[in-house]
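Okay, input_15.cif is below, mmCIF, C-alpha atoms:
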```cif
data_run
#
loop_
_atom_site.label_atom_id
_atom_site.label_comp_id
_atom_site.auth_asym_id
_atom_site.auth_seq_id
_atom_site.Cartn_x
_atom_site.Cartn_y
_atom_site.Cartn_z
CA MET A 710 87.17 112.90 56.57
CA VAL A 711 84.57 110.84 58.34
CA MET A 712 82.69 112.54 61.14
CA VAL A 713 82.02 110.19 63.93
CA GLY A 714 78.83 111.07 65.74
CA LEU A 715 78.13 110.32 69.37
CA SER A 716 75.70 107.58 68.48
CA THR A 717 78.31 105.58 66.64
CA ARG A 718 80.99 105.86 69.29
CA PRO A 719 81.31 102.66 71.17
CA LEU A 720 79.35 102.90 74.39
CA GLU A 721 82.44 102.06 76.37
CA SER A 722 84.25 105.26 75.48
CA VAL A 723 81.09 107.25 76.17
CA VAL A 724 81.01 105.71 79.62
CA TRP A 725 84.66 106.60 80.23
CA ALA A 726 83.90 110.17 79.18
CA ALA A 727 80.91 110.30 81.53
CA LEU A 728 83.07 109.06 84.39
CA HIS A 729 85.09 112.27 84.06
CA ASP A 730 82.02 114.01 85.52
CA VAL A 731 82.25 112.03 88.76
CA HIS A 732 84.56 113.58 91.32
CA ASP A 733 86.16 112.46 94.52
CA PRO A 734 83.89 113.72 97.33
CA GLU A 735 86.90 114.52 99.51
CA ILE A 736 88.93 116.25 96.76
CA PRO A 737 86.30 117.59 94.36
CA THR A 738 88.79 118.95 91.81
CA ILE A 739 89.80 115.49 90.63
CA SER A 740 87.67 113.07 88.64
CA VAL A 741 87.57 109.36 89.37
CA VAL A 742 89.25 108.72 86.02
CA ASP A 743 92.16 111.07 86.76
CA LEU A 744 92.41 109.65 90.26
CA GLY A 745 92.97 106.28 88.61
CA VAL A 746 90.39 104.41 90.67
CA ILE A 747 88.53 103.04 87.64
CA ARG A 748 90.12 99.71 86.81
CA SER A 749 87.82 98.70 83.99
CA VAL A 750 84.58 99.43 82.22
CA SER A 751 82.68 96.66 80.51
CA VAL A 752 79.52 97.11 78.56
CA GLY A 753 77.03 94.35 77.98
CA GLU A 754 73.49 94.07 76.67
CA GLY A 755 71.72 96.77 78.71
CA SER A 756 74.33 96.66 81.42
CA VAL A 757 77.47 98.49 82.45
CA ARG A 758 79.96 97.14 84.92
CA VAL A 759 82.68 99.27 86.46
CA GLU A 760 85.52 97.99 88.60
CA LEU A 761 86.59 100.42 91.30
CA LEU A 762 89.95 100.29 93.12
CA PRO A 763 89.71 101.83 96.59
CA THR A 764 92.45 104.32 97.43
CA PHE A 765 92.46 103.27 101.08
CA VAL A 766 90.63 100.23 102.46
CA GLY A 767 88.88 102.22 105.19
CA CYS A 768 88.03 105.16 102.95
CA PRO A 769 84.48 106.29 103.73
CA ALA A 770 84.19 107.81 100.25
CA ILE A 771 84.01 104.38 98.61
CA ASN A 772 80.25 104.05 99.03
CA VAL A 773 79.68 107.64 97.96
CA LEU A 774 81.72 106.97 94.81
CA GLN A 775 79.78 103.79 94.08
CA GLU A 776 76.53 105.70 94.35
CA SER A 777 77.59 108.69 92.30
CA ILE A 778 79.07 106.51 89.55
CA THR A 779 75.89 104.43 89.44
CA GLU A 780 73.78 107.56 89.24
CA ARG A 781 75.89 109.08 86.47
CA LEU A 782 75.86 105.92 84.35
CA ARG A 783 72.18 105.10 84.76
CA GLU A 784 71.34 106.85 81.48
CA PHE A 785 73.45 104.37 79.54
CA ALA A 786 72.10 101.09 80.89
CA ASP A 787 69.32 99.73 83.06
CA GLU A 788 71.74 97.67 85.02
CA VAL A 789 74.78 99.46 86.43
CA SER A 790 77.13 97.72 88.82
CA VAL A 791 80.16 99.27 90.48
CA ASP A 792 82.25 96.49 91.98
CA ILE A 793 85.15 96.96 94.36
CA SER A 794 88.30 95.20 93.24
CA PHE A 795 91.50 94.36 95.06
CA ALA A 796 92.89 92.36 92.16
CA GLU A 797 95.56 95.01 91.89
CA PRO A 798 96.29 97.62 94.53
CA TRP A 799 95.47 101.20 93.71
CA THR A 800 98.72 103.12 93.83
CA THR A 801 99.38 106.82 93.59
CA GLU A 802 101.12 106.11 90.29
CA ARG A 803 97.66 105.63 88.80
CA ILE A 804 96.91 109.35 89.16
CA THR A 805 97.09 110.87 85.67
CA ASP A 806 99.08 113.99 84.78
CA ALA A 807 95.79 115.89 84.54
CA GLY A 808 94.95 114.54 87.99
CA ARG A 809 98.27 115.70 89.41
CA ALA A 810 97.64 119.17 87.98
CA ALA A 811 94.13 119.16 89.48
CA LEU A 812 95.56 118.27 92.89
CA ARG A 813 98.12 121.06 92.67
CA ALA A 814 95.43 123.54 91.65
CA ALA A 815 93.45 122.60 94.75
CA GLY A 816 96.43 123.22 97.03
CA PHE A 817 97.50 119.59 97.38
CA ALA A 818 101.00 118.43 96.65
CA PRO A 819 100.68 115.44 94.33
CA PRO A 820 102.36 112.24 95.49
CA PRO A 821 106.00 111.94 94.45
CA ALA A 822 106.87 110.02 91.32
CA ARG A 823 106.92 106.33 91.90
CA HIS A 824 110.00 104.61 93.21
CA GLN A 825 108.59 101.86 95.33
CA ASP A 826 110.52 98.64 95.46
CA GLU A 827 108.39 95.70 96.48
CA SER A 828 111.38 93.64 97.49
CA ARG A 829 112.36 96.21 100.08
CA ASN A 830 112.06 95.12 103.66
CA LEU A 831 108.95 96.92 104.81
CA LEU A 832 110.22 97.00 108.38
CA ILE A 833 113.13 99.22 107.43
CA LEU A 834 111.34 102.36 106.62
CA PRO A 835 112.11 105.09 104.20
CA VAL A 836 111.84 108.67 105.37
CA MET A 837 108.79 110.42 104.06
CA PRO A 838 109.50 111.81 100.61
CA VAL A 839 110.11 115.52 100.17
CA ALA A 840 106.95 117.27 99.10
CA GLU A 841 106.92 120.20 96.74
CA CYS A 842 104.90 123.15 97.99
CA PRO A 843 101.85 123.51 95.70
CA TYR A 844 101.80 127.28 96.34
CA CYS A 845 105.38 128.39 95.65
CA GLY A 846 107.04 125.26 94.27
CA SER A 847 109.71 125.17 96.97
CA ARG A 848 111.07 121.85 98.16
CA ASN A 849 112.14 123.41 101.45
CA THR A 850 109.25 121.71 103.24
CA THR A 851 108.88 119.56 106.33
CA LEU A 852 106.47 116.78 107.20
CA GLU A 853 104.25 117.83 110.10
CA ASN A 854 102.09 114.74 110.29
CA ALA A 855 101.87 111.61 108.13
CA PHE A 856 98.18 111.54 109.05
CA GLY A 857 95.99 114.37 107.86
CA PRO A 858 92.28 115.16 107.71
CA THR A 859 91.58 112.09 105.57
CA LEU A 860 93.35 108.75 105.27
CA CYS A 861 95.01 109.69 102.00
CA ARG A 862 96.49 113.04 103.09
CA ALA A 863 99.63 114.05 105.00
CA ILE A 864 100.34 117.52 106.38
CA TYR A 865 103.45 119.50 105.46
CA HIS A 866 104.75 123.00 106.11
CA CYS A 867 106.57 125.11 103.55
CA ALA A 868 109.52 127.00 105.07
CA ASN A 869 109.75 129.22 102.01
CA CYS A 870 106.23 130.69 101.83
CA ARG A 871 105.29 129.64 105.37
CA GLN A 872 102.18 127.93 104.16
CA PRO A 873 100.92 124.65 105.58
CA PHE A 874 99.70 122.31 102.86
CA GLU A 875 98.58 118.74 102.34
CA GLN A 876 100.14 116.04 100.28
CA PHE A 877 98.37 113.11 98.70
CA LYS A 878 100.22 110.22 100.35
CA GLU A 879 102.17 107.83 98.26
CA VAL A 880 100.83 104.29 98.47
CA MET B 1012 66.16 110.80 90.88
CA THR B 1013 67.23 107.24 91.47
CA THR B 1014 66.79 107.02 95.20
CA GLU B 1015 65.43 103.49 94.97
CA THR B 1016 68.87 102.31 93.89
CA ARG B 1017 70.59 103.66 97.00
CA ARG B 1018 72.04 101.01 99.21
CA PRO B 1019 70.85 100.98 102.80
CA THR B 1020 73.44 102.19 105.27
CA ARG B 1021 75.10 99.18 106.80
CA GLN B 1022 76.64 99.01 110.21
CA LEU B 1023 80.08 97.93 109.22
CA ILE B 1024 80.06 95.89 106.10
CA GLN B 1025 79.63 97.01 102.56
CA PRO B 1026 78.29 94.35 100.23
CA ASP B 1027 81.14 94.99 97.87
CA LEU B 1028 83.83 92.39 98.32
CA PRO B 1029 84.84 91.01 94.96
CA GLU B 1030 83.20 87.67 94.35
CA PHE B 1031 85.35 84.61 94.19
CA ASP B 1032 84.74 80.93 93.77
CA SER B 1033 85.91 78.87 96.70
CA SER B 1034 83.88 75.76 95.87
CA GLY B 1035 87.05 73.88 94.91
CA LEU B 1036 88.61 74.37 98.35
CA ASP B 1037 89.01 71.38 100.61
CA PRO B 1038 86.52 71.90 103.51
CA GLN B 1039 89.23 71.50 106.15
CA LEU B 1040 91.51 73.96 104.40
CA ARG B 1041 88.60 76.35 104.02
CA ALA B 1042 87.97 76.15 107.77
CA ALA B 1043 91.65 76.78 108.48
CA ILE B 1044 91.67 79.85 106.23
CA ALA B 1045 88.48 81.08 107.86
CA ASP B 1046 90.10 80.73 111.27
CA LEU B 1047 93.23 82.60 110.16
CA LEU B 1048 91.05 85.39 108.77
CA LEU B 1049 89.12 85.65 112.03
CA THR B 1050 92.29 86.03 114.10
CA MET B 1051 93.57 88.77 111.79
CA ALA B 1052 90.22 90.56 111.63
CA ASP B 1053 89.81 90.47 115.40
CA ASP B 1054 93.32 91.85 115.92
CA GLU B 1055 92.67 94.76 113.60
CA PHE B 1056 89.21 95.35 115.06
CA VAL B 1057 90.41 95.45 118.65
CA ILE B 1058 93.51 97.58 118.04
CA GLY B 1059 91.36 99.92 115.94
CA PHE B 1060 88.98 100.47 118.85
CA ARG B 1061 91.91 100.86 121.24
CA ASP B 1062 93.33 103.56 118.93
CA SER B 1063 89.99 105.32 118.79
CA GLU B 1064 90.05 105.76 122.55
CA TRP B 1065 92.61 108.54 121.98
CA THR B 1066 90.34 110.56 119.72
CA GLY B 1067 89.91 113.89 121.47
CA ILE B 1068 92.30 113.20 124.34
CA ALA B 1069 95.68 112.42 122.74
CA PRO B 1070 98.59 114.37 124.21
CA MET B 1071 98.77 116.63 121.16
CA LEU B 1072 96.51 117.56 118.29
CA GLU B 1073 98.69 115.83 115.68
CA GLU B 1074 98.36 112.55 117.57
CA ASP B 1075 94.65 113.03 117.95
CA VAL B 1076 94.46 113.13 114.16
CA ALA B 1077 97.02 110.36 113.67
CA PHE B 1078 95.40 107.89 116.06
CA SER B 1079 91.97 108.59 114.63
CA SER B 1080 93.39 107.80 111.18
CA LEU B 1081 95.08 104.66 112.45
CA ALA B 1082 91.76 103.58 113.96
CA GLN B 1083 89.92 104.24 110.71
CA ASP B 1084 92.49 102.23 108.75
CA GLU B 1085 92.35 99.28 111.14
CA ILE B 1086 88.56 99.12 111.30
CA GLY B 1087 88.59 99.23 107.49
CA HIS B 1088 91.03 96.31 107.38
CA ALA B 1089 88.95 94.40 109.92
CA ARG B 1090 85.83 94.95 107.83
CA LEU B 1091 87.51 93.60 104.74
CA LEU B 1092 88.87 90.55 106.58
CA TYR B 1093 85.49 89.79 108.19
CA GLU B 1094 83.94 90.03 104.74
CA LEU B 1095 86.51 87.67 103.31
CA ARG B 1096 85.83 85.16 106.07
CA ALA B 1097 82.09 85.55 105.63
CA ALA B 1098 82.44 84.86 101.92
CA LEU B 1099 84.05 81.53 102.84
CA THR B 1100 81.70 80.49 105.63
CA GLY B 1101 78.40 82.08 104.65
CA GLU B 1102 78.27 83.97 107.94
CA ASP B 1103 76.99 87.53 108.30
CA PRO B 1104 80.04 89.78 108.73
CA ASP B 1105 78.08 92.22 110.89
CA ARG B 1106 77.25 89.46 113.30
CA LEU B 1107 80.89 88.38 113.40
CA ALA B 1108 81.95 91.87 114.33
CA PHE B 1109 79.26 92.85 116.81
CA HIS B 1110 77.26 89.84 117.92
CA ARG B 1111 79.75 87.42 119.41
CA GLN B 1112 80.32 86.98 123.11
CA PRO B 1113 83.62 88.29 124.55
CA ASN B 1114 84.99 84.75 124.93
CA GLU B 1115 84.45 84.09 121.21
CA TYR B 1116 86.84 86.77 119.96
CA ARG B 1117 90.23 85.56 118.76
CA HIS B 1118 92.42 88.66 119.10
CA ALA B 1119 95.94 88.33 120.47
CA ARG B 1120 96.27 88.79 124.21
CA LEU B 1121 98.68 91.63 123.55
CA LEU B 1122 95.60 93.71 122.78
CA ASP B 1123 93.67 92.83 125.93
CA GLN B 1124 94.97 95.49 128.26
CA PRO B 1125 93.63 99.04 128.52
CA ARG B 1126 95.43 101.85 126.70
CA GLN B 1127 97.06 103.21 129.90
CA SER B 1128 99.76 105.85 129.34
CA TRP B 1129 100.84 107.27 126.00
CA GLY B 1130 104.13 105.42 126.41
CA PHE B 1131 102.27 102.15 126.95
CA THR B 1132 100.06 102.77 123.91
CA ILE B 1133 103.06 103.54 121.69
CA THR B 1134 104.98 100.51 122.90
CA ARG B 1135 102.09 98.11 122.37
CA ARG B 1136 101.30 99.53 118.97
CA TRP B 1137 104.90 99.32 117.88
CA LEU B 1138 105.06 95.69 119.01
CA TYR B 1139 101.79 94.93 117.23
CA ASP B 1140 102.74 96.78 114.03
CA THR B 1141 106.11 95.07 113.74
CA ALA B 1142 104.49 91.67 114.35
CA ASP B 1143 101.61 92.36 111.99
CA SER B 1144 103.99 93.41 109.22
CA VAL B 1145 105.85 90.09 109.46
CA ARG B 1146 102.55 88.20 109.42
CA LEU B 1147 101.37 90.18 106.38
CA ALA B 1148 104.67 89.49 104.63
CA GLY B 1149 104.01 85.80 105.27
CA LEU B 1150 100.73 86.13 103.39
CA ALA B 1151 101.84 88.39 100.54
CA ARG B 1152 102.26 85.48 98.15
CA SER B 1153 99.42 83.41 99.56
CA SER B 1154 98.05 80.69 97.31
CA PHE B 1155 94.60 81.86 98.42
CA ALA B 1156 94.45 84.68 95.88
CA PRO B 1157 91.68 86.80 97.46
CA LEU B 1158 93.78 87.02 100.63
CA ALA B 1159 96.99 87.84 98.75
CA ASP B 1160 95.15 90.65 96.94
CA VAL B 1161 93.77 92.15 100.14
CA VAL B 1162 97.12 91.82 101.93
CA GLY B 1163 98.84 93.62 99.05
CA LYS B 1164 96.55 96.57 99.63
CA ILE B 1165 96.72 96.50 103.43
CA ARG B 1166 100.54 96.40 103.52
CA ARG B 1167 100.79 99.67 101.64
CA GLU B 1168 98.75 101.35 104.36
CA GLU B 1169 100.42 99.62 107.28
CA ARG B 1170 103.80 101.04 106.19
CA TYR B 1171 102.63 104.43 107.41
CA HIS B 1172 101.58 103.01 110.76
CA LEU B 1173 104.94 101.40 111.21
CA MET B 1174 106.76 104.57 110.17
CA HIS B 1175 104.77 106.63 112.63
CA LEU B 1176 105.16 104.22 115.53
CA ASP B 1177 108.83 103.71 114.82
CA ALA B 1178 109.40 107.46 114.98
CA TRP B 1179 107.62 107.51 118.34
CA LEU B 1180 109.65 104.58 119.63
CA GLU B 1181 112.79 106.50 118.83
CA ARG B 1182 111.44 109.68 120.35
CA LEU B 1183 110.60 107.96 123.62
CA GLY B 1184 113.73 105.84 123.57
CA THR B 1185 116.10 108.77 123.16
CA HIS B 1186 114.51 111.08 125.73
CA HIS B 1187 115.96 109.99 129.01
CA GLY B 1188 113.93 110.35 132.12
CA LYS B 1189 110.17 109.91 132.08
CA PRO B 1190 109.64 109.11 128.35
CA ARG B 1191 112.29 106.39 128.24
CA GLY B 1192 111.17 105.16 131.65
CA LYS B 1193 107.61 104.65 130.41
CA LEU B 1194 108.93 102.85 127.35
CA LEU B 1195 111.18 100.56 129.41
CA SER B 1196 108.43 99.54 131.80
CA ALA B 1197 105.93 98.98 128.99
CA LEU B 1198 108.46 96.88 127.05
CA LYS B 1199 109.17 94.78 130.11
CA GLN B 1200 105.49 94.15 130.62
CA LEU B 1201 104.47 93.65 126.98
CA SER B 1202 107.39 91.87 125.30
CA PRO B 1203 106.48 88.45 126.75
CA VAL B 1204 102.85 88.70 125.63
CA ALA B 1205 103.60 90.22 122.19
CA THR B 1206 104.26 86.77 120.71
CA SER B 1207 100.54 86.09 121.21
CA VAL B 1208 100.13 87.60 117.71
CA PHE B 1209 101.85 84.40 116.51
CA ALA B 1210 99.89 81.95 118.67
CA PRO B 1211 99.67 78.64 116.81
CA LEU B 1212 96.52 78.13 114.75
CA PRO B 1213 94.67 74.81 114.70
CA GLY B 1214 94.96 74.38 110.93
CA GLU B 1215 98.43 75.86 110.62
CA GLU B 1216 100.20 72.85 109.09
CA MET B 1217 97.56 72.62 106.43
CA LEU B 1218 97.82 76.34 105.68
CA VAL B 1219 101.58 76.09 105.22
CA ALA B 1220 101.36 72.91 103.15
CA ALA B 1221 98.79 74.54 100.86
CA GLY B 1222 100.89 77.69 100.49
CA VAL B 1223 98.27 79.91 102.09
CA LEU B 1224 100.77 80.93 104.78
CA SER B 1225 104.50 81.00 104.01
CA ALA B 1226 105.75 79.51 107.30
CA PRO B 1227 104.49 78.22 110.64
CA MET B 1228 103.60 80.94 113.16
CA ALA B 1229 106.57 80.01 115.36
CA ASP B 1230 108.92 80.72 112.42
CA LEU B 1231 107.21 84.04 111.74
CA ALA B 1232 107.60 84.86 115.44
CA ALA B 1233 111.34 84.22 115.22
CA ARG B 1234 111.60 86.42 112.14
CA TRP B 1235 109.67 89.18 113.91
CA ARG B 1236 111.86 88.93 116.99
CA SER B 1237 115.06 89.29 115.01
CA GLU B 1238 113.75 92.30 113.08
CA ALA B 1239 112.25 93.97 116.16
CA ASN B 1240 115.37 93.28 118.25
CA ALA B 1241 117.61 94.89 115.65
CA ARG B 1242 115.60 98.07 116.12
CA LEU B 1243 115.48 97.79 119.92
CA CYS B 1244 119.23 97.19 120.12
CA ALA B 1245 119.87 100.28 118.01
CA LEU B 1246 118.15 102.27 120.74
CA ASN B 1247 119.98 100.38 123.51
CA LEU B 1248 116.74 98.77 124.61
CA ARG B 1249 116.49 95.28 126.03
CA PRO B 1250 115.77 92.76 123.26
CA ILE B 1251 112.70 90.55 123.28
CA ALA B 1252 113.53 87.18 124.85
CA ASP B 1253 113.44 83.99 122.80
CA GLY B 1254 110.51 81.70 123.23
CA VAL B 1255 107.87 79.75 121.36
CA PRO B 1256 104.49 81.54 121.18
CA ALA B 1257 102.15 80.20 123.84
CA ALA B 1258 99.33 78.01 122.59
CA ASP B 1259 96.73 80.02 124.52
CA GLY B 1260 97.75 83.42 123.09
CA ARG B 1261 94.32 83.88 121.53
CA ASP B 1262 92.28 82.01 124.10
CA HIS B 1263 89.70 84.14 125.90
CA ALA B 1264 87.76 81.46 127.81
CA THR B 1265 87.96 83.88 130.72
CA PRO B 1266 87.95 87.23 128.94
CA HIS B 1267 90.20 89.97 130.27
CA GLU B 1268 88.14 92.54 132.19
CA SER B 1269 89.48 95.36 130.04
CA PHE B 1270 88.40 93.56 126.87
CA VAL B 1271 84.94 93.03 128.32
CA TRP B 1272 84.79 96.77 128.97
CA LEU B 1273 85.86 97.51 125.38
CA TRP B 1274 83.40 94.91 124.03
CA ASN B 1275 80.56 96.63 125.89
CA GLU B 1276 81.65 99.89 124.30
CA PHE B 1277 81.89 98.71 120.71
CA THR B 1278 78.73 96.61 120.84
CA SER B 1279 76.69 99.21 122.73
CA VAL B 1280 74.77 100.41 119.68
CA ALA B 1281 74.35 96.92 118.19
CA GLN B 1282 72.92 95.77 121.53
CA LEU B 1283 70.23 98.46 121.56
CA GLU B 1284 67.95 96.72 119.14
CA GLU B 1285 68.16 93.74 116.80
CA GLY B 1286 68.99 94.89 113.28
CA VAL B 1287 69.73 98.47 114.34
CA GLU B 1288 71.54 100.55 111.73
CA TRP B 1289 73.83 103.51 112.28
#
```

Take the structure in the file and write it out as structure tokens.
Amino acid sequence: MVMVGLSTRPLESVVWAALHDVHDPEIPTISVVDLGVIRSVSVGEGSVRVELLPTFVGCPAINVLQESITERLREFADEVSVDISFAEPWTTERITDAGRAALRAAGFAPPPARHQDESRNLLILPVMPVAECPYCGSRNTTLENAFGPTLCRAIYHCANCRQPFEQFKEV
Amino acid sequence: MTTETRRPTRQLIQPDLPEFDSSGLDPQLRAAIADLLLTMADDEFVIGFRDSEWTGIAPMLEEDVAFSSLAQDEIGHARLLYELRAALTGEDPDRLAFHRQPNEYRHARLLDQPRQSWGFTITRRWLYDTADSVRLAGLARSSFAPLADVVGKIRREERYHLMHLDAWLERLGTHHGKPRGKLLSALKQLSPVATSVFAPLPGEEMLVAAGVLSAPMADLAARWRSEANARLCALNLRPIADGVPAADGRDHATPHESFVWLWNEFTSVAQLEEGVEW
């Protein structure tokens, strides 16, 4: 068996591991990796470049994330750049299973599993998906407001345990 | 520990738009795209500030939160679109947003009037959201890739606006008496001016020929009308009348007094001191 030491691991995977330490400032239980906002990591001679997909265009956490990622990665390279990308839209499907568990643990219902059909006429609107109560697991819940305390959160009420809760909106 | 790497706080614009190479673009086409971007950015900017007027005074707490979120979304979209334009023209996006004169803005006239009643606000926003969604659909496969990318992101957020406003339209439309009355009078007043969202653009033919925009604005207006009317008819509301969008739908040579008021509000900090940051 060959033991692979830290020093021989490719820098790229070390950077990915370090990114697990950076959390969403608005939902601190979830890392940027599990949130799925890291599109790519590329490592060059003395430089690291990260591509970041914003969850919502007007999200005020974007700059905070750029700064905290830069700060975390500074030990790996002199030149760290965190570039915003719209080359593909961030969707809630990018949240990992670990991320969904982290959301649930923090009292957020994770977004429903993906079923979006791009060909659908966006003017004919679907009803908001049923959210599962993160406290008791009941699906006997109602949408109170599609707009919650931050752009990415909707407010629901659970009729079973009578607990209001937030859902990470599907986008 | 690395404070020297912190970016200064900017007024509106983050220096973070993905870079793209537009050197191969025909200068006339580039100008036409820049103009299209300005009209879209100004629309989102103005409606965002109109939404924000309800923060703290909406008729219920949920709407206070909702309209503040809508405002935040729209200002975010405006920022991105100003940045995209600035990347094409070399302008400063902050100056575009806050340092033009009222007659230089290119927003649709639909957005000129004050917020007025809740019913008026809902009606205007529903008209704008339905129109904007058709315009965005017309750009979803734009040959100008940076715009197509940004539109792909924006559309996913706008769905929630449309869903929210559509629920309100139904709520007002099915409550006879004062709510429906407010809706009817607002529709009567606003339907004719709503096509201003589709006012013809100077470089429109070129945009369509180059595949930047899927169809001329007049065609998009017709598509919007048929989609919006299907919804209005379902609620037994008077459909929007046919008509070609007026050429002066984004002309503010004599700015509307309510827009001048709003402009004074949203530029008030920028006007305090050159280069002020907040």

Item checked: Residues of chain B within 8 Å of chain A, only C-alpha atoms counted, as a PyMOL selection string -> chain B and resi 1013+1017+1025+1027-1029+1073+1076-1077+1080+1083-1088+1091+1141+1144+1157+1160-1161+1163-1165+1167-1168+1170-1171+1173-1175+1238

Item checked: Selection under test: the PyMOL selection byres ((chain A and resi 730) around 12); residues as a VMD selection string -> chain A and resid 723 to 729 731 to 734 737 to 743 774 777 to 778 780 to 782

Next item on the list: Quick one: apply the PyMOL selection byres ((chain B and resi 1109-1117) around 10) to the file and drop the selected residues here as a PyMOL selection string.
Entry: chain B and resi 1022-1023+1046-1047+1049-1054+1057+1103-1108+1118-1120+1260-1268+1270-1275+1277-1282+1285

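For the atom pair formed by atom CA of Thr801 of chain A and atom CA of Leu1081 of chain B, the distance is 19.5 Å, given to one decimal.
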
Next item on the list: Give as a list in words the set of residues within 10 Å of the point (112.9, 106.1, 128.6), where distances use the file's coordinates and only C-alpha atoms.
Entry: Gly1130, Leu1180, Glu1181, Arg1182, Leu1183, Gly1184, Thr1185, His1186, His1187, Gly1188, Lys1189, Pro1190, Arg1191, Gly1192, Lys1193, Leu1194, Leu1195, Ser1196, Ala1197 and Leu1248 of chain B

Reconstruct segment 1224-1239 of chain B at the level of N, CA and C atoms, and format the result as a short mmCIF file (atom, residue, chain, number, x, y, z; two decimals), in the coordinates of the input.
```cif
data_model
loop_
_atom_site.label_atom_id
_atom_site.label_comp_id
_atom_site.auth_asym_id
_atom_site.auth_seq_id
_atom_site.Cartn_x
_atom_site.Cartn_y
_atom_site.Cartn_z
N LEU B 1224 99.89 80.22 103.86
CA LEU B 1224 100.77 80.93 104.78
C LEU B 1224 102.19 80.44 104.49
N SER B 1225 103.16 81.39 104.47
CA SER B 1225 104.50 81.00 104.01
C SER B 1225 105.26 80.12 104.99
N ALA B 1226 104.98 80.25 106.28
CA ALA B 1226 105.75 79.51 107.30
C ALA B 1226 104.90 79.36 108.55
N PRO B 1227 105.23 78.37 109.38
CA PRO B 1227 104.49 78.22 110.64
C PRO B 1227 104.61 79.50 111.48
N MET B 1228 103.62 79.73 112.34
CA MET B 1228 103.60 80.94 113.16
C MET B 1228 104.87 81.07 114.01
N ALA B 1229 105.37 79.95 114.52
CA ALA B 1229 106.57 80.01 115.36
C ALA B 1229 107.76 80.55 114.56
N ASP B 1230 107.84 80.20 113.27
CA ASP B 1230 108.92 80.72 112.42
C ASP B 1230 108.74 82.22 112.17
N LEU B 1231 107.48 82.61 111.94
CA LEU B 1231 107.21 84.04 111.74
C LEU B 1231 107.56 84.82 113.00
N ALA B 1232 107.28 84.21 114.16
CA ALA B 1232 107.60 84.86 115.44
C ALA B 1232 109.10 85.08 115.56
N ALA B 1233 109.88 84.09 115.15
CA ALA B 1233 111.34 84.22 115.22
C ALA B 1233 111.83 85.32 114.28
N ARG B 1234 111.22 85.38 113.10
CA ARG B 1234 111.60 86.42 112.14
C ARG B 1234 111.28 87.81 112.71
N TRP B 1235 110.08 87.91 113.30
CA TRP B 1235 109.67 89.18 113.91
C TRP B 1235 110.65 89.58 115.01
N ARG B 1236 111.00 88.60 115.86
CA ARG B 1236 111.86 88.93 116.99
C ARG B 1236 113.20 89.46 116.49
N SER B 1237 113.73 88.84 115.46
CA SER B 1237 115.06 89.29 115.01
C SER B 1237 114.97 90.68 114.39
N GLU B 1238 113.90 90.96 113.67
CA GLU B 1238 113.75 92.30 113.08
C GLU B 1238 113.49 93.35 114.16
N ALA B 1239 112.60 93.01 115.10
CA ALA B 1239 112.25 93.97 116.16
C ALA B 1239 113.47 94.21 117.07
#
```
